[in-house]
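work_0.pdb follows (PDB, C-alpha atoms):
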ATOM      1  CA  MET I   1     -41.903 -25.872  -9.118
ATOM      2  CA  PRO I   2     -38.641 -27.684  -9.775
ATOM      3  CA  THR I   3     -35.730 -25.511 -10.672
ATOM      4  CA  ILE I   4     -34.070 -26.273 -13.925
ATOM      5  CA  GLU I   5     -30.335 -26.400 -13.643
ATOM      6  CA  SER I   6     -28.514 -25.740 -16.821
ATOM      7  CA  PRO I   7     -25.205 -27.479 -17.248
ATOM      8  CA  GLY I   8     -22.088 -25.434 -16.558
ATOM      9  CA  THR I   9     -23.570 -23.194 -13.894
ATOM     10  CA  GLU I  10     -20.280 -23.454 -11.998
ATOM     11  CA  GLU I  11     -18.877 -19.980 -11.633
ATOM     12  CA  VAL I  12     -15.978 -19.265 -13.938
ATOM     13  CA  HIS I  13     -13.357 -16.843 -12.651
ATOM     14  CA  PRO I  14     -13.321 -13.672 -14.794
ATOM     15  CA  ASP I  15      -9.530 -14.054 -15.226
ATOM     16  CA  VAL I  16     -10.085 -17.176 -17.344
ATOM     17  CA  ALA I  17     -11.540 -15.142 -20.209
ATOM     18  CA  LEU I  18      -8.839 -12.466 -19.879
ATOM     19  CA  VAL I  19      -6.073 -15.068 -19.966
ATOM     20  CA  ALA I  20      -7.642 -16.733 -22.999
ATOM     21  CA  ARG I  21      -7.811 -13.390 -24.829
ATOM     22  CA  ALA I  22      -4.235 -12.546 -23.822
ATOM     23  CA  LYS I  23      -3.054 -15.909 -25.136
ATOM     24  CA  GLU I  24      -4.575 -14.998 -28.486
ATOM     25  CA  GLY I  25      -2.471 -11.858 -28.569
ATOM     26  CA  ASP I  26      -4.838  -9.366 -26.967
ATOM     27  CA  THR I  27      -2.449  -7.055 -25.130
ATOM     28  CA  ALA I  28      -5.320  -5.040 -23.619
ATOM     29  CA  ALA I  29      -6.544  -8.183 -21.862
ATOM     30  CA  PHE I  30      -3.086  -8.779 -20.437
ATOM     31  CA  GLU I  31      -2.895  -5.143 -19.370
ATOM     32  CA  GLN I  32      -6.105  -5.597 -17.423
ATOM     33  CA  LEU I  33      -4.549  -8.537 -15.573
ATOM     34  CA  VAL I  34      -1.517  -6.358 -14.806
ATOM     35  CA  ARG I  35      -3.810  -3.646 -13.409
ATOM     36  CA  GLN I  36      -5.601  -6.170 -11.241
ATOM     37  CA  TYR I  37      -2.539  -7.718  -9.670
ATOM     38  CA  GLU I  38       0.344  -5.198  -9.789
ATOM     39  CA  ARG I  39      -0.323  -3.900  -6.282
ATOM     40  CA  GLN I  40      -0.530  -7.387  -4.820
ATOM     41  CA  ILE I  41       2.638  -8.572  -6.570
ATOM     42  CA  PHE I  42       4.502  -5.480  -5.393
ATOM     43  CA  ARG I  43       3.348  -6.039  -1.789
ATOM     44  CA  VAL I  44       4.330  -9.709  -1.825
ATOM     45  CA  ALA I  45       7.772  -8.879  -3.259
ATOM     46  CA  GLN I  46       8.348  -6.126  -0.735
ATOM     47  CA  HIS I  47       7.269  -8.297   2.182
ATOM     48  CA  ILE I  48       9.651 -11.073   1.160
ATOM     49  CA  THR I  49      12.658  -8.959   0.153
ATOM     50  CA  GLN I  50      12.043  -6.055   2.557
ATOM     51  CA  ASN I  51      13.492  -3.795  -0.095
ATOM     52  CA  ARG I  52      11.592  -1.308  -2.236
ATOM     53  CA  GLU I  53      13.924  -1.290  -5.236
ATOM     54  CA  ASP I  54      13.995  -5.066  -5.346
ATOM     55  CA  ALA I  55      10.204  -5.130  -5.124
ATOM     56  CA  GLU I  56       9.944  -2.752  -8.093
ATOM     57  CA  ASP I  57      12.283  -4.903 -10.204
ATOM     58  CA  ILE I  58      10.549  -8.118  -9.167
ATOM     59  CA  THR I  59       7.111  -6.742 -10.033
ATOM     60  CA  GLN I  60       8.308  -5.893 -13.547
ATOM     61  CA  ASP I  61      10.167  -9.178 -13.998
ATOM     62  CA  ALA I  62       7.283 -11.277 -12.693
ATOM     63  CA  PHE I  63       4.776  -9.794 -15.148
ATOM     64  CA  LEU I  64       7.225 -10.025 -18.023
ATOM     65  CA  LYS I  65       7.842 -13.679 -17.201
ATOM     66  CA  ALA I  66       4.112 -14.316 -16.982
ATOM     67  CA  TYR I  67       3.676 -12.625 -20.363
ATOM     68  CA  GLU I  68       6.377 -14.767 -21.951
ATOM     69  CA  LYS I  69       5.168 -17.993 -20.389
ATOM     70  CA  LEU I  70       1.440 -17.474 -20.671
ATOM     71  CA  ASP I  71       1.124 -20.532 -22.911
ATOM     72  CA  GLN I  72       2.470 -22.632 -20.023
ATOM     73  CA  PHE I  73      -0.372 -21.547 -17.769
ATOM     74  CA  GLN I  74      -2.787 -24.432 -17.978
ATOM     75  CA  GLY I  75      -5.566 -23.049 -15.842
ATOM     76  CA  ASN I  76      -5.298 -25.797 -13.226
ATOM     77  CA  SER I  77      -4.821 -23.106 -10.633
ATOM     78  CA  LYS I  78      -5.997 -19.515 -10.442
ATOM     79  CA  PHE I  79      -4.036 -17.091 -12.613
ATOM     80  CA  SER I  80      -3.293 -15.002  -9.501
ATOM     81  CA  THR I  81      -1.783 -18.010  -7.679
ATOM     82  CA  TRP I  82       0.393 -18.772 -10.704
ATOM     83  CA  LEU I  83       1.516 -15.153 -10.807
ATOM     84  CA  VAL I  84       2.260 -15.088  -7.071
ATOM     85  CA  ARG I  85       4.345 -18.227  -7.499
ATOM     86  CA  ILE I  86       6.464 -16.490 -10.148
ATOM     87  CA  ALA I  87       6.869 -13.434  -7.900
ATOM     88  CA  VAL I  88       7.807 -15.543  -4.855
ATOM     89  CA  ASN I  89      10.473 -17.389  -6.845
ATOM     90  CA  GLU I  90      11.890 -14.128  -8.167
ATOM     91  CA  SER I  91      11.887 -12.674  -4.640
ATOM     92  CA  LEU I  92      13.645 -15.655  -3.074
ATOM     93  CA  MET I  93      16.198 -15.563  -5.876
ATOM     94  CA  ARG I  94      16.860 -11.901  -5.065
ATOM     95  CA  LEU I  95      17.364 -12.744  -1.393
ATOM     96  CA  ARG I  96      19.785 -15.519  -2.300
ATOM     97  CA  LYS I  97      21.793 -13.132  -4.459
ATOM     98  CA  ARG I  98      21.934 -10.604  -1.654
ATOM     99  CA  LYS I  99      23.052 -13.103   0.977
ATOM    100  CA  THR I 100      25.711 -15.063  -0.859
ATOM    101  CA  SER I 101      26.922 -16.839   2.255
ATOM    102  CA  LYS I 102      23.491 -17.896   3.435
ATOM    103  CA  THR I 103      21.057 -20.045   1.540
ATOM    104  CA  VAL I 104      17.529 -18.789   1.357
ATOM    105  CA  SER I 105      14.869 -21.313   0.593
ATOM    106  CA  MET I 106      11.469 -22.358   1.748
ATOM    107  CA  ASP I 107      13.127 -25.247   3.599
ATOM    108  CA  GLU I 108      15.333 -23.242   5.902
ATOM    109  CA  ASP I 109      14.691 -22.709   9.584
ATOM    110  CA  VAL I 110      12.332 -25.642   9.714
ATOM    111  CA  GLN I 111      14.233 -27.322  12.502
ATOM    112  CA  THR I 112      14.418 -24.428  14.880
ATOM    113  CA  GLU I 113      11.737 -24.084  17.491
ATOM    114  CA  GLU I 114      13.222 -20.826  18.652
ATOM    115  CA  GLY I 115      10.584 -18.233  19.305
ATOM    116  CA  SER I 116       7.758 -20.651  18.527
ATOM    117  CA  ILE I 117       7.181 -21.675  22.121
ATOM    118  CA  PRO I 118       5.015 -19.094  23.862
ATOM    119  CA  ARG I 119       6.762 -17.352  26.728
ATOM    120  CA  ASP I 120       4.827 -14.135  27.068
ATOM    121  CA  PHE I 121       1.446 -14.543  28.715
ATOM    122  CA  ALA I 122       0.271 -10.959  29.132
ATOM    123  CA  GLU I 123      -2.912  -9.773  27.448
ATOM    124  CA  TRP I 124      -2.645  -6.866  25.025
ATOM    125  CA  ARG I 125      -4.459  -4.010  26.678
ATOM    126  CA  PRO I 126      -5.279  -1.459  25.522
ATOM    127  CA  ASN I 127      -5.443  -2.520  21.861
ATOM    128  CA  PRO I 128      -2.348  -1.826  19.724
ATOM    129  CA  GLU I 129      -4.371   0.783  17.800
ATOM    130  CA  GLN I 130      -5.109   2.619  21.036
ATOM    131  CA  LEU I 131      -1.540   2.361  22.240
ATOM    132  CA  TYR I 132       0.221   3.715  19.158
ATOM    133  CA  ASN I 133      -0.602   6.069  16.314
ATOM    134  CA  GLN I 134      -0.769   4.659  12.802
ATOM    135  CA  ALA I 135       2.776   5.623  11.801
ATOM    136  CA  GLU I 136       4.275   4.145  14.973
ATOM    137  CA  LEU I 137       2.208   1.010  14.612
ATOM    138  CA  GLY I 138       3.321   0.619  10.993
ATOM    139  CA  ASP I 139       6.967   0.896  12.063
ATOM    140  CA  ILE I 140       6.512  -1.739  14.757
ATOM    141  CA  LEU I 141       4.725  -4.143  12.415
ATOM    142  CA  ARG I 142       7.342  -3.715   9.666
ATOM    143  CA  LYS I 143      10.251  -4.106  12.055
ATOM    144  CA  THR I 144       8.702  -7.202  13.580
ATOM    145  CA  ILE I 145       7.916  -9.028  10.344
ATOM    146  CA  GLN I 146      11.419  -8.178   9.067
ATOM    147  CA  GLY I 147      12.841 -10.232  11.915
ATOM    148  CA  LEU I 148      11.111 -13.431  10.810
ATOM    149  CA  PRO I 149      13.080 -15.991   8.761
ATOM    150  CA  PRO I 150      12.210 -15.495   5.053
ATOM    151  CA  GLY I 151      10.422 -18.840   4.776
ATOM    152  CA  PHE I 152       8.061 -18.010   7.617
ATOM    153  CA  ARG I 153       7.625 -14.435   6.453
ATOM    154  CA  THR I 154       6.593 -15.644   3.017
ATOM    155  CA  VAL I 155       3.967 -18.059   4.318
ATOM    156  CA  PHE I 156       2.525 -15.445   6.682
ATOM    157  CA  THR I 157       2.413 -12.853   3.895
ATOM    158  CA  LEU I 158       0.526 -15.061   1.465
ATOM    159  CA  ARG I 159      -1.815 -16.613   3.997
ATOM    160  CA  ASP I 160      -2.595 -13.813   6.448
ATOM    161  CA  ILE I 161      -1.835 -10.620   4.547
ATOM    162  CA  GLU I 162      -2.829 -11.560   1.013
ATOM    163  CA  ASN I 163      -5.583 -13.932   2.155
ATOM    164  CA  LEU I 164      -4.632 -16.868  -0.050
ATOM    165  CA  SER I 165      -6.100 -20.158   1.166
ATOM    166  CA  THR I 166      -3.783 -22.747   2.698
ATOM    167  CA  GLU I 167      -4.049 -24.783  -0.511
ATOM    168  CA  GLU I 168      -3.252 -21.795  -2.738
ATOM    169  CA  THR I 169      -0.319 -20.873  -0.508
ATOM    170  CA  ALA I 170       0.984 -24.442  -0.774
ATOM    171  CA  GLU I 171       0.658 -24.287  -4.541
ATOM    172  CA  ALA I 172       2.343 -20.891  -4.826
ATOM    173  CA  LEU I 173       5.272 -22.036  -2.692
ATOM    174  CA  GLY I 174       5.620 -25.599  -3.914
ATOM    175  CA  LEU I 175       5.028 -26.886  -0.395
ATOM    176  CA  SER I 176       2.662 -29.487   1.021
ATOM    177  CA  VAL I 177      -0.408 -28.333   2.950
ATOM    178  CA  PRO I 178       0.963 -29.688   6.275
ATOM    179  CA  ALA I 179       4.254 -27.833   5.637
ATOM    180  CA  VAL I 180       2.359 -24.577   5.081
ATOM    181  CA  LYS I 181       0.327 -25.109   8.247
ATOM    182  CA  SER I 182       3.413 -25.804  10.322
ATOM    183  CA  ARG I 183       5.261 -22.729   9.028
ATOM    184  CA  LEU I 184       2.184 -20.577   9.442
ATOM    185  CA  LEU I 185       1.787 -21.623  13.062
ATOM    186  CA  ARG I 186       5.414 -20.797  13.817
ATOM    187  CA  ALA I 187       5.252 -17.517  11.952
ATOM    188  CA  ARG I 188       2.141 -16.448  13.846
ATOM    189  CA  LEU I 189       3.567 -17.506  17.213
ATOM    190  CA  GLN I 190       6.900 -15.803  16.593
ATOM    191  CA  LEU I 191       5.186 -12.586  15.544
ATOM    192  CA  ARG I 192       2.909 -12.761  18.572
ATOM    193  CA  GLU I 193       5.863 -13.212  20.880
ATOM    194  CA  ARG I 194       7.788 -10.302  19.367
ATOM    195  CA  LEU I 195       4.776  -7.989  19.256
ATOM    196  CA  SER I 196       4.040  -8.750  22.902
ATOM    197  CA  ARG I 197       7.116  -6.724  23.817
ATOM    198  CA  TYR I 198       5.323  -3.669  22.481
ATOM    199  CA  PHE I 199       1.689  -4.435  23.157
ATOM    200  CA  ARG I 200       1.677  -6.365  26.431
ATOM    201  CA  GLN I 201      -0.374  -4.989  29.258
ATOM    202  CA  LYS I 202       1.883  -3.008  31.537
ATOM    203  CA  LYS I 203       1.946  -4.057  35.151
ATOM    204  CA  GLU I 204       0.906  -1.373  37.606
ATOM    205  CA  GLY I 205       3.727   1.008  38.460
ATOM    206  CA  GLN I 206       5.620   0.051  35.299
ATOM    207  CA  PRO I 207       6.331   2.944  32.938
ATOM    208  CA  ALA I 208       4.388   2.748  29.707
TER     209      ALA I 208
ATOM    210  CA  MET Q 209      -6.635 -31.358  25.646
ATOM    211  CA  ASN Q 210      -3.370 -30.016  27.078
ATOM    212  CA  CYS Q 211      -1.396 -26.876  26.173
ATOM    213  CA  THR Q 212       0.720 -28.638  23.501
ATOM    214  CA  ASP Q 213      -2.407 -30.089  21.865
ATOM    215  CA  LEU Q 214      -3.945 -26.636  21.814
ATOM    216  CA  LEU Q 215      -0.944 -25.169  19.980
ATOM    217  CA  SER Q 216      -1.030 -27.947  17.401
ATOM    218  CA  HIS Q 217      -4.684 -27.148  16.655
ATOM    219  CA  LEU Q 218      -4.250 -23.382  16.625
ATOM    220  CA  THR Q 219      -3.967 -22.940  12.835
ATOM    221  CA  ASP Q 220      -7.041 -25.050  12.158
ATOM    222  CA  TYR Q 221      -8.863 -23.227  14.937
ATOM    223  CA  PHE Q 222      -8.292 -19.825  13.333
ATOM    224  CA  ASP Q 223      -9.108 -21.164   9.876
ATOM    225  CA  ASP Q 224     -12.333 -22.626  11.262
ATOM    226  CA  HIS Q 225     -11.298 -26.108  10.183
ATOM    227  CA  LEU Q 226     -11.779 -27.812  13.531
ATOM    228  CA  SER Q 227     -14.534 -30.291  14.223
ATOM    229  CA  LYS Q 228     -17.244 -29.191  16.620
ATOM    230  CA  GLU Q 229     -15.831 -31.542  19.260
ATOM    231  CA  LEU Q 230     -12.270 -30.204  19.009
ATOM    232  CA  ARG Q 231     -13.540 -26.651  19.031
ATOM    233  CA  GLU Q 232     -15.373 -27.393  22.237
ATOM    234  CA  GLU Q 233     -12.188 -28.912  23.716
ATOM    235  CA  VAL Q 234     -10.288 -25.730  22.836
ATOM    236  CA  ARG Q 235     -12.991 -23.681  24.474
ATOM    237  CA  SER Q 236     -13.000 -25.705  27.676
ATOM    238  CA  HIS Q 237      -9.190 -25.772  27.868
ATOM    239  CA  THR Q 238      -8.909 -21.997  27.491
ATOM    240  CA  ALA Q 239     -11.641 -21.526  30.099
ATOM    241  CA  GLU Q 240      -9.287 -23.170  32.606
ATOM    242  CA  CYS Q 241      -5.830 -22.275  31.288
ATOM    243  CA  GLN Q 242      -5.077 -18.558  31.469
ATOM    244  CA  HIS Q 243      -1.811 -18.897  29.503
ATOM    245  CA  CYS Q 244      -3.476 -20.600  26.561
ATOM    246  CA  LYS Q 245      -6.317 -18.121  26.670
ATOM    247  CA  VAL Q 246      -3.809 -15.277  26.322
ATOM    248  CA  VAL Q 247      -1.883 -17.068  23.554
ATOM    249  CA  LEU Q 248      -5.111 -17.641  21.639
ATOM    250  CA  ASN Q 249      -6.300 -14.040  22.074
ATOM    251  CA  THR Q 250      -2.998 -12.370  21.255
ATOM    252  CA  THR Q 251      -2.298 -14.641  18.269
ATOM    253  CA  HIS Q 252      -5.712 -13.659  16.957
ATOM    254  CA  GLN Q 253      -4.820  -9.996  17.548
ATOM    255  CA  THR Q 254      -1.482 -10.525  15.756
ATOM    256  CA  ILE Q 255      -3.280 -11.738  12.637
ATOM    257  CA  GLU Q 256      -5.849  -8.961  12.828
ATOM    258  CA  VAL Q 257      -3.350  -6.141  13.349
ATOM    259  CA  TYR Q 258      -1.415  -7.235  10.234
ATOM    260  CA  LYS Q 259      -4.606  -7.627   8.213
ATOM    261  CA  GLY Q 260      -5.795  -4.198   9.302
ATOM    262  CA  ASN Q 261      -2.655  -2.220   8.500
ATOM    263  CA  GLU Q 262      -1.356  -1.960   4.973
ATOM    264  CA  LEU Q 263       2.435  -1.859   5.421
ATOM    265  CA  TYR Q 264       3.601  -1.436   1.864
ATOM    266  CA  GLU Q 265       1.005   0.604   0.063
ATOM    267  CA  ILE Q 266       2.138   1.584  -3.379
ATOM    268  CA  SER Q 267       1.744   5.277  -4.248
ATOM    269  CA  PRO Q 268      -0.310   6.148  -7.355
ATOM    270  CA  GLU Q 269       2.848   7.601  -8.957
ATOM    271  CA  LEU Q 270       4.912   4.487  -8.365
ATOM    272  CA  ARG Q 271       2.051   2.316  -9.552
ATOM    273  CA  GLU Q 272       1.779   4.250 -12.807
ATOM    274  CA  ARG Q 273       5.530   4.139 -13.328
ATOM    275  CA  LEU Q 274       5.635   0.398 -12.708
ATOM    276  CA  HIS Q 275       2.619  -0.213 -14.890
ATOM    277  CA  SER Q 276       4.121   1.703 -17.817
ATOM    278  CA  ALA Q 277       7.450  -0.094 -17.395
ATOM    279  CA  ILE Q 278       5.745  -3.500 -17.387
ATOM    280  CA  MET Q 279       3.673  -2.767 -20.486
ATOM    281  CA  ALA Q 280       6.675  -1.265 -22.299
ATOM    282  CA  LYS Q 281       8.725  -4.398 -21.612
ATOM    283  CA  CYS Q 282       5.880  -6.637 -22.730
ATOM    284  CA  SER Q 283       5.230  -4.757 -25.960
ATOM    285  CA  LYS Q 284       8.936  -5.046 -26.790
ATOM    286  CA  LYS Q 285       8.448  -8.810 -26.678
ATOM    287  CA  GLY Q 286       5.552  -8.665 -29.109
ATOM    288  CA  SER Q 287       2.460 -10.775 -28.575
ATOM    289  CA  PRO Q 288       2.098 -12.795 -25.371
ATOM    290  CA  CYS Q 289       3.607 -16.306 -25.193
TER     291      CYS Q 289
END

As structure tokens:
Amino acid sequence: MPTIESPGTEEVHPDVALVARAKEGDTAAFEQLVRQYERQIFRVAQHITQNREDAEDITQDAFLKAYEKLDQFQGNSKFSTWLVRIAVNESLMRLRKRKTSKTVSMDEDVQTEEGSIPRDFAEWRPNPEQLYNQAELGDILRKTIQGLPPGFRTVFTLRDIENLSTEETAEALGLSVPAVKSRLLRARLQLRERLSRYFRQKKEGQPA
Amino acid sequence: MNCTDLLSHLTDYFDDHLSKELREEVRSHTAECQHCKVVLNTTHQTIEVYKGNELYEISPELRERLHSAIMAKCSKKGSPC
């Protein structure tokens, strides 16, 4: 028996209805969007700025901005991607303010290959989880990601921690897809290299 | 495929965006090249260890405080837009 396909079976993201209601003045609908994304926005802001107070301010500012500019959201992208873009811009602005002498943008550190060429070729054994307890591991991971240039850190955060697609990451950062891929590769390789200092298999006779 | 080629395909490899042929070339290169095998394994572990450990979990108290602050600021502005 042939299946009858009704038009418009394409899945509509549940946010679309919430955004539409919020645009009509339904504050409860907007509040639901806040509930859904406040944790993510806070995480993104803290990863980029590496500062808890800044992340708190940015989370508030990003949602307020989204609330004020909701009519500008056209629905060409996901609401969450649009929101992340606002939060990333706010975060980078914060970093720029903090480092007055140094520019912080998504374009910096593109030229440097430093740390992106693999030099450590030891396997990680035992697994990091077996080698360190959770608190120690958390410290190592935080310290290591802090050392990445902000542009790389941002791409890695969106792509590998927040699980945005490459296309969504490009959209949220105003970068091309090849630019995201190139930064992501360098971010991953630099993190790998730095983590190897902690996780590399110890040679026999070497203290752990 | 040489070591430099492998690195340039690494992102697509992890995202499963490589053609079957290129994937096979990666596999045969890493079967012979111990360094690239390690780089591939440990890069994969790097991604996984970050995915598996929440570094900046927000406490329920902070979340509530932030949430209230956001909604208070928004209601001051009136209706959205």

For the provided coordinates, the residues matched by the PyMOL selection byres ((chain Q and resi 275-287) around 7) should be stated as a PDB file with C-alpha atoms, in the coordinates of the input.
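Contents of the output file expr.pdb:
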ATOM      1  CA  GLY I  25      -2.471 -11.858 -28.569  1.00  0.00           C
ATOM      2  CA  GLN I  60       8.308  -5.893 -13.547  1.00  0.00           C
ATOM      3  CA  PHE I  63       4.776  -9.794 -15.148  1.00  0.00           C
ATOM      4  CA  LEU I  64       7.225 -10.025 -18.023  1.00  0.00           C
ATOM      5  CA  TYR I  67       3.676 -12.625 -20.363  1.00  0.00           C
TER       6      TYR I  67
ATOM      7  CA  ARG Q 271       2.051   2.316  -9.552  1.00  0.00           C
ATOM      8  CA  GLU Q 272       1.779   4.250 -12.807  1.00  0.00           C
ATOM      9  CA  ARG Q 273       5.530   4.139 -13.328  1.00  0.00           C
ATOM     10  CA  LEU Q 274       5.635   0.398 -12.708  1.00  0.00           C
ATOM     11  CA  PRO Q 288       2.098 -12.795 -25.371  1.00  0.00           C
ATOM     12  CA  CYS Q 289       3.607 -16.306 -25.193  1.00  0.00           C
TER      13      CYS Q 289
END

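Atom CA of I:Asp54 to atom CA of I:Ala179 spans 27.1 Å [interatomic distance, one decimal].
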
Counting only C-alpha atoms, which of Q:His252, Q:His237, Q:Lys259, Q:Arg231 gets nearest to chain I? Q:Lys259

For chain I versus chain Q, which residues have an atom no more than 6 Å away, and what is each residue's nearest atom pair and distance in Å rounded to one decimal, using all atoms listed in the file, chain-then-number order, as JSON lines?
{"residue": "I:Gly25", "atom": "CA", "partner": "Q:Ser287", "partner_atom": "CA", "distance": 5.0}
{"residue": "I:Arg43", "atom": "CA", "partner": "Q:Tyr264", "partner_atom": "CA", "distance": 5.9}
{"residue": "I:Gln60", "atom": "CA", "partner": "Q:Ile278", "partner_atom": "CA", "distance": 5.2}
{"residue": "I:Leu64", "atom": "CA", "partner": "Q:Cys282", "partner_atom": "CA", "distance": 6.0}
{"residue": "I:Tyr67", "atom": "CA", "partner": "Q:Pro288", "partner_atom": "CA", "distance": 5.3}
{"residue": "I:Glu68", "atom": "CA", "partner": "Q:Cys289", "partner_atom": "CA", "distance": 4.5}
{"residue": "I:Lys69", "atom": "CA", "partner": "Q:Cys289", "partner_atom": "CA", "distance": 5.3}
{"residue": "I:Leu70", "atom": "CA", "partner": "Q:Cys289", "partner_atom": "CA", "distance": 5.1}
{"residue": "I:Asp71", "atom": "CA", "partner": "Q:Cys289", "partner_atom": "CA", "distance": 5.4}
{"residue": "I:Phe121", "atom": "CA", "partner": "Q:His243", "partner_atom": "CA", "distance": 5.5}
{"residue": "I:Glu123", "atom": "CA", "partner": "Q:Val246", "partner_atom": "CA", "distance": 5.7}
{"residue": "I:Ile161", "atom": "CA", "partner": "Q:Lys259", "partner_atom": "CA", "distance": 5.5}
{"residue": "I:Leu185", "atom": "CA", "partner": "Q:Thr219", "partner_atom": "CA", "distance": 5.9}
{"residue": "I:Arg192", "atom": "CA", "partner": "Q:Thr251", "partner_atom": "CA", "distance": 5.5}

Explicit residues for the PyMOL selection byres ((chain I and resi 30) around 10) (as number ranges by chain): I: 15, 18-23, 25-29, 31-36, 63, 66-67, 70; Q: 279, 282, 288

Put stretch 229-244 of chain Q into a file with N, CA and C atoms, as a PDB file, in the first residue's frame.
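selection_32.pdb, freshly written:
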ATOM      1  N   GLU Q 229      37.169   5.877   0.151  1.00  0.00           N
ATOM      2  CA  GLU Q 229      38.533   5.685  -0.347  1.00  0.00           C
ATOM      3  C   GLU Q 229      39.555   6.357   0.581  1.00  0.00           C
ATOM      4  N   LEU Q 230      39.244   7.634   0.937  1.00  0.00           N
ATOM      5  CA  LEU Q 230      40.185   8.365   1.804  1.00  0.00           C
ATOM      6  C   LEU Q 230      40.268   7.725   3.185  1.00  0.00           C
ATOM      7  N   ARG Q 231      39.133   7.255   3.652  1.00  0.00           N
ATOM      8  CA  ARG Q 231      39.109   6.585   4.952  1.00  0.00           C
ATOM      9  C   ARG Q 231      40.023   5.352   4.942  1.00  0.00           C
ATOM     10  N   GLU Q 232      39.955   4.655   3.849  1.00  0.00           N
ATOM     11  CA  GLU Q 232      40.789   3.460   3.684  1.00  0.00           C
ATOM     12  C   GLU Q 232      42.273   3.854   3.638  1.00  0.00           C
ATOM     13  N   GLU Q 233      42.554   4.995   2.977  1.00  0.00           N
ATOM     14  CA  GLU Q 233      43.954   5.466   2.910  1.00  0.00           C
ATOM     15  C   GLU Q 233      44.461   5.846   4.305  1.00  0.00           C
ATOM     16  N   VAL Q 234      43.585   6.456   5.102  1.00  0.00           N
ATOM     17  CA  VAL Q 234      43.959   6.794   6.480  1.00  0.00           C
ATOM     18  C   VAL Q 234      44.271   5.507   7.235  1.00  0.00           C
ATOM     19  N   ARG Q 235      43.397   4.533   7.061  1.00  0.00           N
ATOM     20  CA  ARG Q 235      43.566   3.276   7.772  1.00  0.00           C
ATOM     21  C   ARG Q 235      44.885   2.590   7.382  1.00  0.00           C
ATOM     22  N   SER Q 236      45.179   2.573   6.088  1.00  0.00           N
ATOM     23  CA  SER Q 236      46.404   1.875   5.691  1.00  0.00           C
ATOM     24  C   SER Q 236      47.653   2.680   6.073  1.00  0.00           C
ATOM     25  N   HIS Q 237      47.541   4.016   6.085  1.00  0.00           N
ATOM     26  CA  HIS Q 237      48.709   4.801   6.520  1.00  0.00           C
ATOM     27  C   HIS Q 237      48.999   4.562   8.011  1.00  0.00           C
ATOM     28  N   THR Q 238      47.936   4.600   8.821  1.00  0.00           N
ATOM     29  CA  THR Q 238      48.154   4.430  10.266  1.00  0.00           C
ATOM     30  C   THR Q 238      48.558   2.993  10.626  1.00  0.00           C
ATOM     31  N   ALA Q 239      48.267   2.056   9.737  1.00  0.00           N
ATOM     32  CA  ALA Q 239      48.709   0.674   9.983  1.00  0.00           C
ATOM     33  C   ALA Q 239      50.228   0.585   9.875  1.00  0.00           C
ATOM     34  N   GLU Q 240      50.805   1.503   9.059  1.00  0.00           N
ATOM     35  CA  GLU Q 240      52.263   1.462   8.855  1.00  0.00           C
ATOM     36  C   GLU Q 240      53.013   2.515   9.659  1.00  0.00           C
ATOM     37  N   CYS Q 241      52.336   3.642   9.939  1.00  0.00           N
ATOM     38  CA  CYS Q 241      53.029   4.762  10.589  1.00  0.00           C
ATOM     39  C   CYS Q 241      52.609   4.874  12.059  1.00  0.00           C
ATOM     40  N   GLN Q 242      53.521   4.485  12.932  1.00  0.00           N
ATOM     41  CA  GLN Q 242      53.203   4.461  14.369  1.00  0.00           C
ATOM     42  C   GLN Q 242      52.906   5.872  14.885  1.00  0.00           C
ATOM     43  N   HIS Q 243      53.673   6.872  14.419  1.00  0.00           N
ATOM     44  CA  HIS Q 243      53.462   8.244  14.883  1.00  0.00           C
ATOM     45  C   HIS Q 243      52.054   8.729  14.555  1.00  0.00           C
ATOM     46  N   CYS Q 244      51.633   8.504  13.339  1.00  0.00           N
ATOM     47  CA  CYS Q 244      50.294   8.969  12.940  1.00  0.00           C
ATOM     48  C   CYS Q 244      49.205   8.191  13.670  1.00  0.00           C
TER      49      CYS Q 244
END
